[in-house]
Every structure is written in C-alpha cells, then in structure tokens.
file structure-v3.txt (compact mmCIF, C-alpha atoms and all ligand atoms)
# COMPACT_ATOMS: atom_id res chain seq x y z
CA MET A 887 0.00 0.00 0.00
CA ARG A 888 1.51 3.31 -1.14
CA HIS A 889 0.59 6.95 -0.58
CA LEU A 890 1.43 9.96 -2.75
CA LEU A 891 1.95 12.75 -0.23
CA SER A 892 4.89 14.21 -2.07
CA LEU A 893 6.55 13.58 -5.44
CA ASP A 894 9.45 12.11 -3.41
CA ASP A 895 7.22 9.12 -2.68
CA LEU A 896 8.01 8.02 -6.26
CA SER A 897 11.27 6.79 -7.76
CA SER A 898 12.52 8.31 -11.03
CA ALA A 899 11.51 5.13 -12.87
CA GLU A 900 8.00 5.28 -11.40
CA LEU A 901 7.64 8.92 -12.37
CA HIS A 902 8.73 8.15 -15.94
CA HIS A 903 6.22 5.30 -16.00
CA LEU A 904 3.36 7.55 -14.82
CA ILE A 905 4.16 10.21 -17.44
CA ALA A 906 4.16 7.64 -20.24
CA ARG A 907 1.02 5.95 -18.93
CA ALA A 908 -0.75 9.33 -18.66
CA GLN A 909 -0.16 9.82 -22.40
CA GLU A 910 -1.69 6.37 -23.04
CA TRP A 911 -4.75 7.33 -20.98
CA LYS A 912 -5.02 10.49 -23.07
CA ARG A 913 -5.10 8.42 -26.26
CA LEU A 914 -7.64 6.01 -24.74
CA ARG A 915 -10.14 8.71 -23.71
CA GLY A 916 -13.60 7.96 -25.08
CA ASN A 917 -12.64 4.46 -26.27
CA PRO A 918 -15.32 2.05 -25.04
CA GLN A 919 -12.66 -0.69 -24.90
CA ALA A 920 -10.48 1.30 -22.47
CA PRO A 921 -9.66 -0.58 -19.25
CA ARG A 922 -11.74 0.24 -16.15
CA PRO A 923 -9.40 -0.60 -13.27
CA LEU A 924 -11.59 1.03 -10.61
CA VAL A 925 -14.73 -1.05 -11.20
CA THR A 926 -16.21 -1.92 -7.74
CA ARG A 927 -13.96 0.71 -6.12
CA SER A 928 -14.77 4.00 -4.43
CA VAL A 929 -12.50 6.98 -3.85
CA ALA A 930 -13.28 9.65 -1.24
CA MET A 931 -12.18 13.18 -2.06
CA LEU A 932 -11.85 15.08 1.21
CA PHE A 933 -11.46 18.80 0.47
CA SER A 934 -11.11 21.62 3.01
CA GLN A 935 -10.37 24.30 0.40
CA HIS A 936 -11.63 25.50 -2.98
CA SER A 937 -10.77 23.62 -6.16
CA THR A 938 -11.86 23.51 -9.78
CA ARG A 939 -9.26 21.39 -11.62
CA THR A 940 -8.30 18.92 -8.89
CA ARG A 941 -11.87 18.27 -7.88
CA VAL A 942 -13.36 17.91 -11.35
CA SER A 943 -10.47 16.00 -12.92
CA PHE A 944 -10.47 13.46 -10.07
CA GLU A 945 -14.25 13.07 -10.07
CA VAL A 946 -14.43 12.57 -13.84
CA GLY A 947 -11.30 10.40 -13.92
CA ILE A 948 -12.51 8.07 -11.16
CA ALA A 949 -15.87 7.68 -12.92
CA GLU A 950 -14.23 7.03 -16.32
CA LEU A 951 -12.08 4.32 -14.71
CA GLY A 952 -15.29 2.62 -13.54
CA GLY A 953 -15.08 3.75 -9.90
CA THR A 954 -17.31 5.84 -7.64
CA PRO A 955 -16.05 9.26 -6.48
CA LEU A 956 -17.38 10.74 -3.24
CA TYR A 957 -16.79 14.47 -2.78
CA LEU A 958 -16.64 15.32 0.95
CA THR A 959 -16.07 18.70 2.55
CA ALA A 960 -14.38 18.69 5.95
CA THR A 961 -16.96 21.15 7.31
CA GLU A 962 -19.76 18.62 6.78
CA LEU A 963 -17.94 15.68 8.37
CA GLN A 964 -17.54 15.01 12.10
CA LEU A 965 -14.02 16.38 11.64
CA ALA A 966 -15.61 19.79 12.07
CA ARG A 967 -16.82 18.67 15.52
CA GLY A 968 -13.42 17.41 16.65
CA GLU A 969 -13.09 13.85 15.32
CA THR A 970 -9.38 13.24 14.82
CA PRO A 971 -7.73 12.71 11.42
CA GLU A 972 -6.60 9.25 12.66
CA ASP A 973 -10.13 8.10 13.57
CA THR A 974 -11.52 9.59 10.35
CA ALA A 975 -8.87 7.77 8.32
CA ARG A 976 -9.54 4.43 10.04
CA VAL A 977 -13.26 4.69 9.36
CA LEU A 978 -13.05 5.95 5.77
CA SER A 979 -10.54 3.17 5.02
CA ARG A 980 -13.31 0.65 5.84
CA TYR A 981 -15.59 2.17 3.17
CA VAL A 982 -13.41 3.39 0.31
CA ASP A 983 -10.34 2.24 -1.60
CA ALA A 984 -8.37 5.51 -1.66
CA LEU A 985 -8.50 9.07 -0.34
CA VAL A 986 -7.66 12.29 -2.19
CA VAL A 987 -7.14 15.11 0.32
CA ARG A 988 -6.81 18.89 0.01
CA THR A 989 -5.95 20.53 3.32
CA PRO A 990 -4.14 23.67 4.54
CA ASP A 991 -2.12 21.54 7.00
CA HIS A 992 0.50 19.12 5.66
CA THR A 993 1.13 17.64 9.14
CA TRP A 994 -2.58 16.86 9.40
CA LEU A 995 -2.37 15.09 6.03
CA ARG A 996 0.54 13.00 7.34
CA ARG A 997 -1.42 12.04 10.46
CA LEU A 998 -4.36 11.00 8.29
CA ALA A 999 -2.12 8.99 5.97
CA ASP A 1000 -0.30 7.27 8.85
CA ALA A 1001 -3.60 5.92 10.14
CA ALA A 1002 -5.20 5.11 6.76
CA THR A 1003 -5.11 1.56 5.46
CA VAL A 1004 -5.82 2.68 1.88
CA PRO A 1005 -3.68 4.92 -0.38
CA VAL A 1006 -3.83 8.64 0.37
CA ILE A 1007 -3.14 11.19 -2.39
CA ASN A 1008 -2.13 14.77 -1.65
CA GLY A 1009 -4.54 16.98 -3.60
CA LEU A 1010 -2.57 20.11 -2.51
CA THR A 1011 -1.18 21.33 0.78
CA PRO A 1012 0.98 24.40 1.50
CA HIS A 1013 3.95 21.99 1.28
CA SER A 1014 3.39 20.53 -2.18
CA HIS A 1015 1.11 19.66 -5.08
CA PRO A 1016 2.37 16.39 -6.58
CA CYS A 1017 -0.67 15.77 -8.85
CA GLN A 1018 0.00 19.10 -10.57
CA LEU A 1019 3.56 18.10 -11.39
CA LEU A 1020 2.46 14.78 -12.88
CA ALA A 1021 0.36 16.76 -15.37
CA ASP A 1022 3.02 19.42 -15.96
CA LEU A 1023 5.73 16.86 -16.67
CA GLN A 1024 3.38 14.99 -19.01
CA THR A 1025 2.66 18.29 -20.78
CA TYR A 1026 6.34 19.12 -21.24
CA SER A 1027 7.02 15.63 -22.52
CA GLU A 1028 4.17 15.69 -25.06
CA HIS A 1029 5.26 19.07 -26.47
CA ARG A 1030 9.05 18.90 -26.28
CA GLY A 1031 10.19 15.38 -25.27
CA ALA A 1032 12.56 14.64 -22.39
CA ILE A 1033 13.01 17.36 -19.78
CA GLN A 1034 16.26 15.82 -18.53
CA GLY A 1035 19.17 18.27 -18.88
CA ARG A 1036 16.89 21.23 -19.74
CA THR A 1037 16.61 24.47 -17.79
CA VAL A 1038 13.30 25.43 -16.20
CA ALA A 1039 12.74 28.95 -14.83
CA TRP A 1040 10.30 29.45 -11.95
CA ILE A 1041 9.28 33.09 -11.52
CA GLY A 1042 7.47 34.37 -8.40
CA ALA A 1043 6.49 32.98 -5.04
CA GLY A 1044 8.51 29.98 -3.79
CA ASN A 1045 5.33 28.14 -2.87
CA ASN A 1046 3.88 24.61 -2.81
CA VAL A 1047 4.06 24.21 -6.59
CA CYS A 1048 7.62 25.57 -6.63
CA ASN A 1049 8.60 23.05 -3.91
CA THR A 1050 7.19 20.30 -6.11
CA TRP A 1051 9.16 21.52 -9.13
CA LEU A 1052 12.25 21.22 -6.90
CA GLN A 1053 11.37 17.61 -6.13
CA ALA A 1054 10.80 16.95 -9.84
CA SER A 1055 14.19 18.43 -10.75
CA ARG A 1056 15.84 15.89 -8.43
CA LEU A 1057 13.92 12.97 -9.85
CA LEU A 1058 14.20 13.88 -13.54
CA ASP A 1059 17.58 15.58 -13.50
CA PHE A 1060 16.91 19.05 -14.91
CA GLN A 1061 18.12 22.51 -13.88
CA LEU A 1062 15.72 24.76 -11.99
CA ARG A 1063 16.35 28.50 -11.74
CA ILE A 1064 14.05 30.15 -9.23
CA ALA A 1065 13.54 33.91 -9.36
CA ALA A 1066 11.92 34.96 -6.10
CA PRO A 1067 12.41 37.78 -3.60
CA GLU A 1068 14.15 36.85 -0.34
CA SER A 1069 10.81 37.01 1.46
CA HIS A 1070 9.35 34.31 -0.83
CA GLU A 1071 12.11 31.74 -1.31
CA PRO A 1072 11.02 28.09 -1.41
CA SER A 1073 11.61 25.57 1.37
CA ALA A 1074 15.29 25.61 2.42
CA GLU A 1075 15.08 21.87 3.04
CA GLU A 1076 13.95 21.20 -0.54
CA LEU A 1077 16.60 23.55 -1.93
CA GLN A 1078 19.43 21.90 0.00
CA SER A 1079 18.73 18.53 -1.52
CA CYS A 1080 18.51 19.86 -5.09
CA PRO A 1081 21.91 20.13 -6.70
CA GLY A 1082 20.35 21.32 -9.97
CA ALA A 1083 18.51 24.27 -8.40
CA GLU A 1084 19.58 27.85 -7.78
CA VAL A 1085 17.74 30.89 -6.43
CA LEU A 1086 18.25 34.18 -8.24
CA HIS A 1087 16.54 37.43 -7.51
CA ASP A 1088 16.43 38.68 -11.10
CA PRO A 1089 13.66 37.20 -13.27
CA ARG A 1090 15.49 38.17 -16.47
CA ALA A 1091 18.59 36.23 -15.44
CA ALA A 1092 16.46 33.23 -14.50
CA VAL A 1093 14.59 33.14 -17.80
CA ARG A 1094 17.55 33.66 -20.13
CA GLY A 1095 17.79 30.64 -22.47
CA ALA A 1096 15.30 28.55 -20.43
CA ALA A 1097 13.30 25.80 -22.13
CA LEU A 1098 10.29 26.34 -19.89
CA VAL A 1099 9.04 29.30 -17.85
CA VAL A 1100 6.60 28.62 -14.99
CA THR A 1101 4.73 30.87 -12.60
CA ASP A 1102 1.82 30.70 -10.15
CA VAL A 1103 -0.41 33.04 -8.17
CA TRP A 1104 1.32 35.33 -5.68
CA ALA A 1105 -1.11 34.54 -2.84
CA SER A 1106 -1.85 30.83 -2.45
CA LEU A 1107 -4.93 29.24 -0.87
CA GLY A 1108 -5.21 30.41 2.72
CA GLN A 1109 -3.15 33.56 2.04
CA ASP A 1110 -5.92 35.81 0.75
CA GLY A 1111 -5.56 38.10 3.77
CA GLU A 1112 -1.93 38.74 2.83
CA ALA A 1113 -2.59 39.37 -0.87
CA GLU A 1114 -1.63 43.05 -0.70
CA ARG A 1115 1.71 42.27 0.97
CA HIS A 1116 2.46 39.62 -1.67
CA ARG A 1117 1.52 42.06 -4.45
CA HIS A 1118 4.01 44.54 -3.08
CA SER A 1119 6.89 42.05 -2.65
CA LEU A 1120 6.37 40.25 -5.94
CA ALA A 1121 5.56 43.16 -8.27
CA GLU A 1122 8.79 42.65 -10.24
CA TYR A 1123 8.09 38.96 -10.79
CA HIS A 1124 5.39 39.43 -13.42
CA VAL A 1125 5.75 37.12 -16.44
CA SER A 1126 5.11 38.96 -19.70
CA ARG A 1127 5.63 38.20 -23.39
CA GLU A 1128 8.62 40.54 -23.17
CA LEU A 1129 10.18 38.40 -20.43
CA MET A 1130 9.37 35.21 -22.39
CA ALA A 1131 11.34 36.64 -25.34
CA LEU A 1132 14.54 36.14 -23.29
CA ALA A 1133 13.90 32.39 -22.98
CA ALA A 1134 14.90 29.83 -25.63
CA PRO A 1135 13.14 30.39 -28.99
CA ASP A 1136 10.96 27.29 -28.51
CA ALA A 1137 10.35 27.87 -24.78
CA LEU A 1138 6.97 26.94 -23.29
CA PHE A 1139 5.01 28.80 -20.64
CA MET A 1140 3.15 27.01 -17.81
CA HIS A 1141 0.83 28.09 -14.99
CA CYS A 1142 -1.05 25.56 -12.88
CA LEU A 1143 -4.11 27.90 -12.74
CA PRO A 1144 -6.17 29.55 -11.44
CA ALA A 1145 -4.37 32.67 -12.76
CA HIS A 1146 -4.77 36.26 -11.76
CA ARG A 1147 -4.62 37.73 -15.25
CA GLY A 1148 -2.52 40.88 -15.27
CA GLU A 1149 -0.93 40.17 -11.89
CA GLU A 1150 1.67 37.35 -11.90
CA VAL A 1151 1.14 36.86 -15.65
CA GLU A 1152 0.33 39.14 -18.55
CA ALA A 1153 -3.22 38.25 -19.60
CA GLU A 1154 -2.31 37.79 -23.29
CA LEU A 1155 0.54 35.40 -22.47
CA LEU A 1156 -1.89 32.80 -21.13
CA ASP A 1157 -3.51 32.62 -24.58
CA ALA A 1158 -0.30 32.96 -26.64
CA THR A 1159 1.09 30.11 -28.75
CA ASP A 1160 3.93 29.33 -26.34
CA SER A 1161 1.43 28.87 -23.48
CA VAL A 1162 0.41 25.28 -22.72
CA VAL A 1163 -1.73 26.09 -19.68
CA TRP A 1164 -4.91 24.51 -21.10
CA ASP A 1165 -3.06 21.29 -21.89
CA GLU A 1166 -1.67 21.28 -18.35
CA ALA A 1167 -5.21 21.58 -16.99
CA GLU A 1168 -6.51 18.80 -19.26
CA ASN A 1169 -3.60 16.53 -18.43
CA ARG A 1170 -4.58 16.54 -14.75
CA LEU A 1171 -7.30 14.10 -15.81
CA HIS A 1172 -5.00 11.74 -17.70
CA ALA A 1173 -2.11 11.87 -15.21
CA GLN A 1174 -4.39 11.15 -12.25
CA LYS A 1175 -5.88 8.16 -14.05
CA ALA A 1176 -2.33 6.82 -14.36
CA LEU A 1177 -1.76 7.54 -10.67
CA LEU A 1178 -4.98 5.84 -9.49
CA GLU A 1179 -4.23 2.78 -11.61
CA PHE A 1180 -0.70 2.69 -10.14
CA LEU A 1181 -1.81 3.05 -6.49
CA LEU A 1182 -4.80 0.71 -6.84
CA PRO A 1183 -3.61 -2.42 -8.63
CA PRO A 1184 -6.18 -5.22 -9.05
CA PRO A 1185 -7.24 -6.59 -5.64
CA THR A 1186 -5.44 -9.72 -4.43
CA GLY A 1187 -6.74 -11.41 -1.31
CA ASN A 1188 -8.07 -8.31 0.41
CA GLY A 1189 -10.99 -10.26 1.78
CA ARG A 1190 -13.55 -8.66 -0.51
CA GLU A 1191 -13.54 -11.37 -3.19
CA VAL A 1192 -16.53 -13.68 -3.28
CA SER A 1193 -15.42 -17.31 -2.87
CA ASP A 1194 -17.02 -20.15 -4.95
N1 LIG B 1 -4.22 23.67 -10.36
C1 LIG B 1 -5.12 23.32 -9.42
O1 LIG B 1 -4.86 22.49 -8.55
O2 LIG B 1 -6.32 23.93 -9.55
P1 LIG B 1 -7.53 23.87 -8.51
O3 LIG B 1 -7.12 24.64 -7.30
O4 LIG B 1 -8.67 24.48 -9.26
O5 LIG B 1 -7.77 22.43 -8.17
N1 LIG B 2 -0.03 27.82 -5.17
C1 LIG B 2 -1.45 27.76 -5.46
C2 LIG B 2 -1.73 26.62 -6.38
C3 LIG B 2 -3.17 26.46 -6.75
C4 LIG B 2 -3.42 25.26 -7.58
C5 LIG B 2 -2.22 27.61 -4.16
O1 LIG B 2 -1.75 26.88 -3.26
O2 LIG B 2 -3.29 28.19 -4.03

call {"tool": "encode", "arguments": {"input": "structure-v3.txt", "output": "structure tokens"}}
result
Amino acid sequence: MRHLLSLDDLSSAELHHLIARAQEWKRLRGNPQAPRPLVTRSVAMLFSQHSTRTRVSFEVGIAELGGTPLYLTATELQLARGETPEDTARVLSRYVDALVVRTPDHTWLRRLADAATVPVINGLTPHSHPCQLLADLQTYSEHRGAIQGRTVAWIGAGNNVCNTWLQASRLLDFQLRIAAPESHEPSAEELQSCPGAEVLHDPRAAVRGAALVVTDVWASLGQDGEAERHRHSLAEYHVSRELMALAAPDALFMHCLPAHRGEEVEAELLDATDSVVWDEAENRLHAQKALLEFLLPPPTGNGREVSD
C-alpha cells in the first residue's frame, strides 16, 4: 500500500512510467474498450479548500475508470466537531479504496495517511502539489520530449508548486532557476537537496535561455488576507511576453491555474502560442488516471472477493 503525499514518494523510474502511462490514458479517452481498473472501487475526495481542476479531474477520472467518487467537505464531516484525522482515516478506510485530500495543514495530512489503510493522495497542501507536477511533466514531454538536462525557470512565489518543481528536478535531473524575492524563497530543506537548483533574484537572469518558464499566483490558498503584501513584494516577478522573449526560442510557458490575469502573468501570455496552460489543466485528468491505476492495482486477497 503506497501513498502519494509528495513527489518524493516516487522513484525516477515510477515517475517516468506515470508520465508515459498518462499519455496512453489520453489516447484512450472515449474508447469504449479502455480498461476500467476502478470497477467496484470508491475513492473519497476530502477537500477543506476551494478547487476547480483537482476536484473535477479526479471526479471525472474516477468515474471514467469505472469507480465511484465521493466528494466530501471537511466542514460537513464530524471532523468539524473534533473527530481526529486518525479516527476519520480508520473509518473511511473501511468504506473506500483511496483518499484524495486537500488541506491547509501538511502535518494533518501525514497524520491522516499514517492511520489510513488505503492509499492517500495529496490533492494540494501548502507543502506541495504532486498531482500538478504529474500533469506538468506529461505536458512538457508531449510538447518537447525529455526534460532531462533542460533548464526550467520558476518566476514568483517559492510556494507549494515551486517546492514540487524542486522535487521533480531531483527525480528527472533538470536545472531549476528560481527567481523569487528573499521574502518568498522556497523551502530551504527542498533547496538543499537539489543540486540542480539555484535561487536568483532577477527574473530576467532566471529566464535567459530557459526551455520552460513557470509561474503561479502570488497569494496561495489560505493567504488571501496577505494578498496586498504579496503584491508589493512580488511586483517585479510578473511574467510577460517581453520576459518570455529572453527564454529559448521554442520555450513553453506554464501556470497551474487559477491565474490572476494581469498580476503574476500578462493576460495575453496565457492565450499565446507558447502557453500550454490549457493542456496542463486537461492533463490533470489523464495523469491522475495513471496515478490511481498505479496506487490501486487489481485486488489480491483483500478479503472482498466472493469465494465459490
Ligand atoms: N491547479 C489546481 O490544482 O487547480 P484547482 O485549485 O482548481 O484544483
Ligand atoms: N499555489 C497555489 C496553487 C493552486 C493550484 C495555491 O496553493 O493556491
């Protein structure tokens, strides 16, 4: 039984496998002969924060794989009245075959996962967003091939998605240049274990010659009250078509969305030809199908089979 709480829960070989398999799921979409590995299985999606892509892509993906998705909000469960994550995990594990969790507290996610007896998938915490990177890496691969040895520029807040790009750079062996102000550098722990990563303070230096330029909102989920402070500190980290012109001639632009058009990214860049943001969003569906299939192999002796 495996969880995906962080991209580090995967080996490089497993990550390569998931990216390739995600492309196969993309080709199989709509084919009535496509495998349905989640038939008879249910997946609970326990969300404490807003979501469009993660919620909808998991719900649709689980259904297309033959399974039953259950969307649960923490405020409607007994969690809101003090039931512990451990007790909740033990109980939900008796009903469903996997849990997808979005929470503002990564330690809480770990407590839940430690007590669960079914796979737990991180659907975003302030620490990381591994499902996003599965889709982003699939998207790079489908447009430009192997990312190994390339240079990726991250511009803006050193947040959960940035931390996950750091983990990806370790696993897939690419260079990551992060342009962030001192107040918004990514996790020091992640940085220390990433020989291919460097933090610069100048977005132009970070982007120069890069194969891929990535950004994200300045204020993440749970930081809405600090939006004005973030706007002030990050004003110089706006990604425009002019900045993109310093990257490699065939450079791509990514943003996990939702975007604040005109803030961290020039509105027109999202719709420009070098932007692959809509493919990234679509690929959440395909990449998560690959992930669910990987974490939920066909049942063997789990006590649920009907004997002759
Ligand atoms: N990119 C992403 O995770 O989007 P949502 O917050 O809409 O799920
Ligand atoms: N960094 C953003 C990503 C949203 C998908 C956030 O945490 O809100």

call {"tool": "axis_aligned_box", "arguments": {"input": "structure-v3.txt", "around": "ligand LIG 2 (chain B)", "padding_each_side": "5 Å", "output": "lines of an AutoDock Vina configuration file"}}
result
center_x = -1.7
center_y = 26.7
center_z = -5.4
size_x = 13.4
size_y = 12.9
size_z = 14.3

call {"tool": "closest_atom_pairs", "arguments": {"input": "structure-v3.txt", "of": "chain A", "to": "ligand LIG 1 (chain B)", "cutoff": "9 Å", "atoms": "all atoms listed in the file", "output": "tab-separated table"}}
result
residue	atom	partner	partner_atom	distance
A:Gln935	CA	B:LIG1	O3	8.4
A:His936	CA	B:LIG1	O3	6.3
A:Ser937	CA	B:LIG1	O5	3.8
A:Thr938	CA	B:LIG1	O4	3.4
A:Arg939	CA	B:LIG1	O5	3.9
A:Thr940	CA	B:LIG1	O5	3.6
A:Arg941	CA	B:LIG1	O5	5.8
A:Val942	CA	B:LIG1	O5	7.9
A:Ser943	CA	B:LIG1	O5	8.4
A:Arg988	CA	B:LIG1	O5	9.0
A:Gly1009	CA	B:LIG1	O1	7.4
A:Leu1010	CA	B:LIG1	O1	6.9
A:His1015	CA	B:LIG1	O1	7.5
A:Cys1017	CA	B:LIG1	O1	7.9
A:Gln1018	CA	B:LIG1	N1	6.2
A:Leu1107	CA	B:LIG1	O3	8.2
A:His1141	CA	B:LIG1	N1	8.2
A:Cys1142	CA	B:LIG1	N1	4.5
A:Leu1143	CA	B:LIG1	N1	4.9
A:Pro1144	CA	B:LIG1	O2	5.9
A:Glu1166	CA	B:LIG1	N1	8.7
A:Ala1167	CA	B:LIG1	N1	7.0
A:Arg1170	CA	B:LIG1	N1	8.4

call {"tool": "residues_around", "arguments": {"input": "structure-v3.txt", "residues": "stretch 1056-1060 of chain A", "least_positions_apart": "5", "cutoff": "9 Å", "atoms": "only C-alpha atoms", "output": "VMD selection string"}}
result
chain A and resid 893 to 894 896 to 899 901 to 902 1033 to 1038 1051 1079 to 1083

call {"tool": "atom_distance", "arguments": {"input": "structure-v3.txt", "atom1": "atom CA of A:Thr993", "atom2": "atom N1 of ligand LIG 2 (chain B)"}}
result
17.6 Å

call {"tool": "closest_residue", "arguments": {"input": "structure-v3.txt", "among": "A:Pro1016, A:Pro1067, A:Pro955, A:Gly1031", "to": "A:Asn1046", "atoms": "only C-alpha atoms"}}
result
A:Pro1016

call {"tool": "atom_distance", "arguments": {"input": "structure-v3.txt", "atom1": "atom CA of A:Met1130", "atom2": "atom CA of A:Lys912"}}
result
28.6 Å

call {"tool": "residues_around", "arguments": {"input": "structure-v3.txt", "residues": "A:Glu1122", "least_positions_apart": "2", "cutoff": "12 Å", "atoms": "only C-alpha atoms", "output": "PyMOL selection string"}}
result
chain A and resi 1041-1043+1065-1067+1087-1090+1104+1116-1120+1124-1126+1129+1149-1151

call {"tool": "atom_distance", "arguments": {"input": "structure-v3.txt", "atom1": "atom CA of A:Arg1094", "atom2": "atom CA of A:Ala1134"}}
result
7.2 Å

call {"tool": "residues_near_point", "arguments": {"input": "structure-v3.txt", "point": "(-3.2, 33.9, -20.2)", "cutoff": "10 Å", "atoms": "only C-alpha atoms", "output": "JSON, numbers by chain"}}
result
{"A": [1126, 1139, 1140, 1141, 1143, 1145, 1146, 1147, 1148, 1151, 1152, 1153, 1154, 1155, 1156, 1157, 1158, 1161, 1162, 1163, 1164]}

call {"tool": "closest_residue", "arguments": {"input": "structure-v3.txt", "among": "A:Gln1053, A:Glu1076, A:Ser934, A:Pro990", "to": "ligand LIG 2 (chain B)", "atoms": "all atoms listed in the file"}}
result
A:Pro990

call {"tool": "closest_residue", "arguments": {"input": "structure-v3.txt", "among": "A:Leu1171, A:Cys1048, A:Ala1092, A:Val1085", "to": "ligand LIG 2 (chain B)", "atoms": "all atoms listed in the file"}}
result
A:Cys1048

call {"tool": "closest_residue", "arguments": {"input": "structure-v3.txt", "among": "A:Glu1114, A:Asp983, A:Glu900, A:Asp991", "to": "ligand LIG 2 (chain B)", "atoms": "only C-alpha atoms and all ligand atoms"}}
result
A:Asp991

call {"tool": "closest_residue", "arguments": {"input": "structure-v3.txt", "among": "A:Leu914, A:Leu1019, A:Met931, A:Ala1039", "to": "ligand LIG 2 (chain B)", "atoms": "only C-alpha atoms and all ligand atoms"}}
result
A:Leu1019

call {"tool": "residues_around", "arguments": {"input": "structure-v3.txt", "residues": "A:Val987", "least_positions_apart": "2", "cutoff": "7 Å", "atoms": "all atoms listed in the file", "output": "PyMOL selection string"}}
result
chain A and resi 931-933+985+989+1007-1009

call {"tool": "closest_residue", "arguments": {"input": "structure-v3.txt", "among": "A:Ala984, A:Val1047, A:Leu956, A:Leu1052", "to": "A:Thr1011", "atoms": "only C-alpha atoms"}}
result
A:Val1047

call {"tool": "decode", "arguments": {"input": "structure-v3.txt", "residues": "stretch 985-1017 of chain A", "atoms": "C-alpha atoms", "output": "CSV table (one decimal), in the first residue's frame"}}
result
chain,number,residue,atom,x,y,z
A,985,LEU,CA,-8.5,9.1,-0.3
A,986,VAL,CA,-7.7,12.3,-2.2
A,987,VAL,CA,-7.1,15.1,0.3
A,988,ARG,CA,-6.8,18.9,0.0
A,989,THR,CA,-5.9,20.5,3.3
A,990,PRO,CA,-4.1,23.7,4.5
A,991,ASP,CA,-2.1,21.5,7.0
A,992,HIS,CA,0.5,19.1,5.7
A,993,THR,CA,1.1,17.6,9.1
A,994,TRP,CA,-2.6,16.9,9.4
A,995,LEU,CA,-2.4,15.1,6.0
A,996,ARG,CA,0.5,13.0,7.3
A,997,ARG,CA,-1.4,12.0,10.5
A,998,LEU,CA,-4.4,11.0,8.3
A,999,ALA,CA,-2.1,9.0,6.0
A,1000,ASP,CA,-0.3,7.3,8.8
A,1001,ALA,CA,-3.6,5.9,10.1
A,1002,ALA,CA,-5.2,5.1,6.8
A,1003,THR,CA,-5.1,1.6,5.5
A,1004,VAL,CA,-5.8,2.7,1.9
A,1005,PRO,CA,-3.7,4.9,-0.4
A,1006,VAL,CA,-3.8,8.6,0.4
A,1007,ILE,CA,-3.1,11.2,-2.4
A,1008,ASN,CA,-2.1,14.8,-1.6
A,1009,GLY,CA,-4.5,17.0,-3.6
A,1010,LEU,CA,-2.6,20.1,-2.5
A,1011,THR,CA,-1.2,21.3,0.8
A,1012,PRO,CA,1.0,24.4,1.5
A,1013,HIS,CA,3.9,22.0,1.3
A,1014,SER,CA,3.4,20.5,-2.2
A,1015,HIS,CA,1.1,19.7,-5.1
A,1016,PRO,CA,2.4,16.4,-6.6
A,1017,CYS,CA,-0.7,15.8,-8.9
